[in-house]
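Source file: upload-v7.cif (mmCIF, C-alpha atoms)
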```cif
data_data
#
loop_
_atom_site.label_atom_id
_atom_site.label_comp_id
_atom_site.auth_asym_id
_atom_site.auth_seq_id
_atom_site.Cartn_x
_atom_site.Cartn_y
_atom_site.Cartn_z
CA MET X 1 17.01 -80.21 -54.56
CA ALA X 2 15.34 -83.40 -55.74
CA ASP X 3 11.77 -84.06 -54.62
CA ASN X 4 12.95 -86.87 -52.31
CA ASP X 5 15.46 -84.62 -50.51
CA ILE X 6 12.92 -82.24 -49.00
CA VAL X 7 9.46 -82.00 -47.48
CA HIS X 8 6.79 -80.32 -49.59
CA PHE X 9 4.16 -78.40 -47.63
CA VAL X 10 1.21 -78.34 -50.05
CA GLY X 11 -1.97 -76.29 -49.85
CA ALA X 12 -4.87 -78.61 -50.66
CA GLY X 13 -7.29 -75.77 -51.34
CA PRO X 14 -10.60 -75.13 -49.57
CA GLY X 15 -12.28 -78.49 -50.19
CA ASP X 16 -13.18 -79.10 -53.83
CA ALA X 17 -10.60 -81.59 -55.09
CA GLU X 18 -10.25 -79.65 -58.35
CA LEU X 19 -9.12 -76.51 -56.51
CA ILE X 20 -5.70 -77.87 -55.62
CA THR X 21 -2.98 -76.27 -57.74
CA VAL X 22 -1.46 -78.13 -60.69
CA LYS X 23 1.89 -78.25 -58.87
CA GLY X 24 0.29 -79.48 -55.67
CA ALA X 25 -1.53 -82.25 -57.53
CA ARG X 26 1.70 -83.27 -59.31
CA LEU X 27 3.59 -83.53 -56.05
CA LEU X 28 0.78 -85.54 -54.45
CA LYS X 29 0.70 -87.93 -57.39
CA GLY X 30 4.42 -88.53 -56.99
CA ALA X 31 4.41 -88.82 -53.20
CA ASP X 32 5.46 -91.97 -51.38
CA VAL X 33 4.36 -90.61 -47.99
CA VAL X 34 1.57 -88.12 -47.26
CA VAL X 35 0.81 -86.55 -43.89
CA TYR X 36 -2.49 -84.73 -44.19
CA ALA X 37 -4.77 -82.69 -41.94
CA GLY X 38 -7.59 -85.23 -41.82
CA SER X 39 -9.98 -83.06 -39.82
CA LEU X 40 -10.10 -80.52 -42.65
CA VAL X 41 -8.75 -82.03 -45.87
CA ASP X 42 -11.10 -84.33 -47.79
CA ARG X 43 -9.76 -87.90 -47.68
CA GLU X 44 -11.12 -88.34 -51.21
CA LEU X 45 -8.62 -85.76 -52.45
CA VAL X 46 -5.79 -87.87 -51.04
CA ARG X 47 -7.25 -91.03 -52.58
CA THR X 48 -7.56 -89.28 -55.95
CA TYR X 49 -4.04 -87.91 -56.17
CA ALA X 50 -2.01 -90.19 -53.91
CA ALA X 51 -3.74 -93.55 -54.24
CA THR X 52 -0.63 -95.64 -53.60
CA ALA X 53 1.08 -93.47 -50.98
CA GLU X 54 1.57 -94.32 -47.32
CA VAL X 55 -0.90 -91.96 -45.63
CA HIS X 56 -0.89 -90.52 -42.11
CA ASP X 57 -3.78 -88.48 -40.69
CA SER X 58 -2.25 -85.77 -38.51
CA ALA X 59 -5.54 -85.01 -36.71
CA GLY X 60 -4.54 -87.22 -33.80
CA MET X 61 -0.78 -86.67 -34.00
CA THR X 62 1.55 -84.34 -32.10
CA LEU X 63 4.20 -82.07 -33.63
CA GLU X 64 6.87 -84.55 -32.58
CA GLU X 65 5.03 -87.44 -34.22
CA THR X 66 4.46 -85.65 -37.53
CA THR X 67 8.07 -84.48 -37.58
CA ASP X 68 9.27 -88.05 -37.01
CA VAL X 69 7.23 -89.33 -39.97
CA LEU X 70 8.50 -86.57 -42.25
CA ALA X 71 12.12 -86.98 -41.15
CA ARG X 72 12.12 -90.76 -41.56
CA ALA X 73 10.60 -90.50 -45.01
CA VAL X 74 13.27 -88.06 -46.18
CA ALA X 75 16.03 -90.18 -44.60
CA ASP X 76 14.73 -93.20 -46.54
CA GLY X 77 14.83 -91.24 -49.80
CA ARG X 78 11.05 -91.24 -50.13
CA ARG X 79 9.06 -88.36 -51.60
CA VAL X 80 6.96 -86.77 -48.88
CA VAL X 81 4.10 -84.27 -48.86
CA ARG X 82 2.71 -82.51 -45.81
CA LEU X 83 -0.80 -81.62 -46.97
CA HIS X 84 -2.62 -78.71 -45.35
CA THR X 85 -6.08 -77.32 -45.94
CA GLY X 86 -6.49 -74.09 -47.91
CA ASP X 87 -3.21 -72.21 -48.07
CA PRO X 88 -0.55 -73.34 -45.58
CA SER X 89 0.32 -69.75 -44.64
CA ILE X 90 -3.15 -68.95 -43.23
CA TYR X 91 -3.67 -70.57 -39.81
CA GLY X 92 -1.68 -73.55 -41.07
CA ALA X 93 0.65 -74.01 -38.05
CA ILE X 94 3.51 -74.66 -40.49
CA GLN X 95 6.07 -72.32 -38.90
CA GLU X 96 6.64 -74.65 -35.97
CA GLN X 97 6.91 -77.63 -38.32
CA MET X 98 9.47 -75.85 -40.47
CA GLY X 99 11.36 -74.92 -37.31
CA GLU X 100 11.67 -78.61 -36.43
CA LEU X 101 12.91 -79.42 -39.94
CA ASP X 102 15.45 -76.58 -39.68
CA ARG X 103 16.68 -78.08 -36.42
CA LEU X 104 17.14 -81.44 -38.16
CA GLY X 105 18.77 -79.93 -41.24
CA ILE X 106 15.96 -81.06 -43.55
CA GLY X 107 14.99 -78.82 -46.46
CA TYR X 108 11.43 -77.95 -47.43
CA GLU X 109 9.33 -76.05 -49.94
CA VAL X 110 5.90 -74.45 -49.52
CA ILE X 111 3.35 -74.78 -52.32
CA PRO X 112 0.56 -72.21 -51.96
CA GLY X 113 -3.10 -73.11 -52.17
CA VAL X 114 -6.51 -71.49 -52.49
CA THR X 115 -7.58 -70.31 -49.05
CA SER X 116 -11.23 -70.61 -48.04
CA ALA X 117 -11.66 -66.82 -47.99
CA PHE X 118 -11.50 -66.81 -51.76
CA ALA X 119 -13.69 -69.90 -52.10
CA ALA X 120 -16.26 -68.12 -49.93
CA ALA X 121 -16.07 -64.99 -52.10
CA ALA X 122 -16.55 -67.19 -55.16
CA ALA X 123 -19.60 -68.83 -53.56
CA LEU X 124 -21.05 -65.37 -53.00
CA LYS X 125 -20.01 -64.25 -56.50
CA GLN X 126 -18.53 -61.27 -54.74
CA GLU X 127 -15.45 -59.11 -55.27
CA LEU X 128 -13.93 -58.21 -51.91
CA THR X 129 -12.34 -54.93 -53.03
CA LEU X 130 -14.47 -52.30 -54.74
CA PRO X 131 -13.63 -48.69 -55.68
CA GLU X 132 -14.85 -46.15 -53.12
CA VAL X 133 -16.26 -48.95 -50.94
CA SER X 134 -13.28 -50.93 -49.64
CA GLN X 135 -9.74 -51.42 -50.91
CA THR X 136 -8.63 -53.44 -47.90
CA VAL X 137 -9.32 -57.02 -46.85
CA ILE X 138 -8.55 -58.02 -43.27
CA ILE X 139 -8.14 -61.73 -42.50
CA THR X 140 -8.44 -62.35 -38.78
CA ARG X 141 -10.06 -64.40 -36.04
CA LEU X 142 -11.66 -63.93 -32.64
CA ALA X 143 -9.55 -64.81 -29.64
CA GLY X 144 -10.34 -68.27 -28.31
CA LYS X 145 -8.01 -71.03 -27.16
CA THR X 146 -5.43 -69.24 -29.28
CA PRO X 147 -4.99 -65.69 -27.97
CA VAL X 148 -4.93 -62.61 -30.22
CA PRO X 149 -2.54 -59.67 -29.63
CA GLU X 150 -4.29 -56.78 -27.87
CA ARG X 151 -3.76 -54.44 -30.83
CA GLU X 152 -5.48 -57.01 -33.09
CA GLN X 153 -8.63 -57.44 -31.03
CA LEU X 154 -11.62 -57.59 -33.37
CA ARG X 155 -13.10 -54.34 -32.13
CA GLU X 156 -9.80 -52.58 -32.86
CA LEU X 157 -9.63 -53.91 -36.42
CA ALA X 158 -13.33 -53.11 -36.91
CA ARG X 159 -12.57 -49.39 -36.61
CA SER X 160 -11.39 -49.44 -40.23
CA GLY X 161 -14.74 -50.50 -41.67
CA ALA X 162 -12.82 -52.53 -44.27
CA THR X 163 -13.94 -55.82 -45.77
CA MET X 164 -13.25 -58.43 -43.14
CA VAL X 165 -12.97 -62.22 -43.39
CA ILE X 166 -13.14 -63.85 -39.99
CA TYR X 167 -11.87 -67.41 -39.60
CA LEU X 168 -12.34 -69.91 -36.77
CA SER X 169 -14.99 -67.86 -34.97
CA VAL X 170 -18.45 -68.90 -36.12
CA ALA X 171 -19.12 -70.81 -32.89
CA MET X 172 -18.81 -67.43 -31.13
CA VAL X 173 -20.85 -65.46 -33.66
CA ASP X 174 -22.70 -63.47 -30.97
CA GLN X 175 -19.39 -62.22 -29.62
CA VAL X 176 -18.15 -61.50 -33.14
CA VAL X 177 -21.21 -59.31 -33.78
CA ALA X 178 -20.70 -57.41 -30.53
CA GLU X 179 -17.04 -56.75 -31.34
CA LEU X 180 -17.82 -55.57 -34.87
CA LEU X 181 -20.55 -53.22 -33.65
CA ALA X 182 -18.00 -51.65 -31.31
CA GLY X 183 -16.09 -50.56 -34.42
CA ALA X 184 -17.20 -48.80 -37.62
CA TYR X 185 -19.93 -51.26 -38.58
CA THR X 186 -23.64 -50.80 -37.85
CA PRO X 187 -26.55 -53.21 -37.32
CA ALA X 188 -27.37 -52.72 -41.03
CA THR X 189 -23.89 -53.77 -42.23
CA PRO X 190 -24.23 -56.83 -44.49
CA VAL X 191 -22.73 -60.14 -43.40
CA ALA X 192 -22.39 -63.54 -45.02
CA VAL X 193 -21.46 -66.81 -43.39
CA VAL X 194 -20.14 -69.51 -45.71
CA ALA X 195 -19.73 -72.99 -44.25
CA ARG X 196 -17.53 -75.59 -45.96
CA ALA X 197 -16.87 -73.32 -48.92
CA SER X 198 -16.51 -75.27 -52.21
CA TRP X 199 -17.55 -78.60 -50.62
CA ALA X 200 -20.61 -80.45 -51.91
CA ASP X 201 -22.50 -79.55 -48.71
CA GLU X 202 -21.55 -75.88 -48.76
CA GLN X 203 -23.95 -73.57 -46.88
CA VAL X 204 -24.40 -69.83 -47.37
CA VAL X 205 -26.30 -67.65 -44.91
CA GLU X 206 -26.65 -63.93 -45.59
CA GLY X 207 -27.97 -61.16 -43.40
CA THR X 208 -26.89 -58.13 -41.42
CA LEU X 209 -25.14 -57.69 -38.11
CA ALA X 210 -28.61 -57.30 -36.61
CA ASP X 211 -29.80 -60.79 -37.56
CA ILE X 212 -26.87 -62.96 -38.65
CA ALA X 213 -26.36 -64.68 -35.27
CA ALA X 214 -29.95 -65.94 -35.22
CA LYS X 215 -29.72 -67.07 -38.84
CA VAL X 216 -26.49 -68.98 -38.20
CA GLU X 217 -28.04 -70.72 -35.20
CA ALA X 218 -31.14 -71.62 -37.21
CA ALA X 219 -28.94 -73.08 -39.97
CA GLY X 220 -27.08 -75.23 -37.45
CA ILE X 221 -23.66 -73.90 -38.46
CA GLY X 222 -21.11 -74.36 -35.69
CA LYS X 223 -17.74 -74.90 -37.35
CA GLN X 224 -15.79 -74.85 -40.63
CA ALA X 225 -17.32 -71.53 -41.63
CA LEU X 226 -16.12 -68.06 -42.48
CA ILE X 227 -17.78 -64.78 -41.55
CA LEU X 228 -17.50 -62.08 -44.23
CA VAL X 229 -18.55 -58.56 -43.33
CA GLY X 230 -18.47 -55.19 -45.06
CA ASP X 231 -20.31 -52.87 -47.41
CA VAL X 232 -18.93 -54.66 -50.50
CA LEU X 233 -21.55 -57.33 -49.82
CA LYS X 234 -24.42 -55.00 -50.70
CA ALA X 235 -22.87 -53.66 -53.90
CA ARG X 236 -24.70 -56.05 -56.21
CA ARG X 237 -28.03 -55.28 -54.57
CA GLU X 238 -27.57 -51.51 -54.63
CA GLY X 239 -25.36 -51.17 -57.71
CA LEU X 240 -21.82 -49.87 -57.95
CA LYS X 241 -21.38 -46.18 -57.25
CA ALA X 242 -17.90 -46.21 -58.78
CA LYS X 243 -16.21 -48.57 -61.23
CA SER X 244 -12.59 -49.54 -61.63
CA LEU X 245 -10.59 -47.38 -64.00
CA LEU X 246 -8.92 -50.48 -65.43
CA TYR X 247 -11.49 -50.96 -68.21
CA ASP X 248 -12.78 -47.40 -68.42
CA LYS X 249 -12.63 -46.27 -72.06
CA GLY X 250 -11.31 -42.87 -71.05
CA PHE X 251 -8.48 -44.20 -68.91
CA SER X 252 -4.99 -44.57 -70.41
CA HIS X 253 -2.36 -46.98 -69.16
CA GLY X 254 0.76 -48.69 -70.46
CA LEU X 255 -1.14 -51.10 -72.70
CA ARG X 256 -4.01 -48.92 -73.90
CA LYS X 257 -4.69 -45.29 -74.78
CA GLY X 258 -7.94 -43.90 -73.47
CA ILE X 259 -10.62 -42.56 -75.80
CA LEU X 260 -11.61 -38.98 -75.08
CA SER X 261 -15.35 -38.35 -75.10
#
```

Translate this structure into structure tokens?
Amino acid sequence: MADNDIVHFVGAGPGDAELITVKGARLLKGADVVVYAGSLVDRELVRTYAATAEVHDSAGMTLEETTDVLARAVADGRRVVRLHTGDPSIYGAIQEQMGELDRLGIGYEVIPGVTSAFAAAAALKQELTLPEVSQTVIITRLAGKTPVPEREQLRELARSGATMVIYLSVAMVDQVVAELLAGAYTPATPVAVVARASWADEQVVEGTLADIAAKVEAAGIGKQALILVGDVLKARREGLKAKSLLYDKGFSHGLRKGILS
């Protein structure tokens, strides 16, 4: 399909305008109409890549209103981008939008983006999966206005002790701590809170489950922040107990023969 026959759902990345993908930037530059999540996406990013486009901020719009803008743009043969923060597949509310386009017979494509979990890990200079520490990353949230299935309650997921990245929950950090302590984590488990990851005013607060709530309150962080928890966060301080086999000189794989000591 031609670019003016479909809607492109584009991940804007976590905040830094340079963290949008090359394809996402190309589509924005060519867009005639952009509907963007103004409460989360930096308006400067839209100005940079879509300076001449007709722009709609979806922060105050309903699903019906955004669908109408997208549908009219496609009907007029205009190139349209629906711009979401981070990656559209993570808490992006795109499924319902795509359902409306399906109902109208309008095609669409999803362009992935860098989600804030990875921008937060980059801010911490931290790998989220380490041998013999954690090989699992759980992306989740605390139940709030949007409910969470019973089997996915935070305390249930916390039984794994895996690396966890918790979205949309920093305003309830006391409750988050209580739920995590009901699982496999302890008061000494390291935690980091990264607010506005990759933005110019990014904040990083580090601590343990014993003190992170007080530190977050003292820092004045109440929204647009991720909570990262797990033993991987203390690996740099304590040193790795085990290293990946990928670069081990004694490990053979399809592209390299190991050297026997």

Close residues, range 58-72 of chain X itself excluded, 12 Å, all atoms listed in the file, min 2 positions apart in chain, as a VMD selection string: chain X and resid 4 to 9 31 to 41 54 to 56 74 to 85 93 to 108

Residue IDs satisfying the PyMOL selection byres ((chain X and resi 113-122) around 10), as a PyMOL selection string: chain X and resi 10-16+19-21+23-24+84-90+110-112+123-128+139+164-167+192-199+202-204+224-228+233

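In this model, the gap between CA of Ala184 in chain X and CA of Ala158 in chain X comes to 5.8 Å.
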
Of the listed residues X:Ala200, X:Ile221, X:Leu209, X:Val133, that which approaches Ala171 in chain X most closely, counting all atoms listed in the file: X:Ile221

Given the PyMOL selection byres ((chain X and resi 183) around 6), the residues it picks as a count of residues only: 8

Hits from the PyMOL selection byres ((chain X and resi 135) around 12), listed as a PyMOL selection string: chain X and resi 127-134+136-138+160-164+230-232+244

Shell around range 143-146 of chain X at 9 Å using all atoms listed in the file, local window under 5 positions removed, as a PyMOL selection string: chain X and resi 153-154+168-169+172

Coordinates-based distance that separates CA of Glu109 in chain X from CA of Ala53 in chain X (Å, one decimal):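 CA of Glu109 in chain X lies 19.3 Å from CA of Ala53 in chain X.
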
Computed interatomic separation between CA of Ala17 in chain X and CA of Tyr91 in chain X (Å):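 If I compute the distance from CA of Ala17 in chain X to CA of Tyr91 in chain X, I get 20.1 Å.
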
Counting only C-alpha atoms, the option among X:Val177, X:Arg26, X:Val170, X:Pro190 closest to Ala219 in chain X: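 Closest to Ala219 in chain X, using only C-alpha atoms: X:Val170.
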
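The residue that comes closest to Pro187 in chain X, out of X:Ala50, X:Gly207, X:Glu238, X:Glu18 and on the basis of only C-alpha atoms, is X:Gly207.
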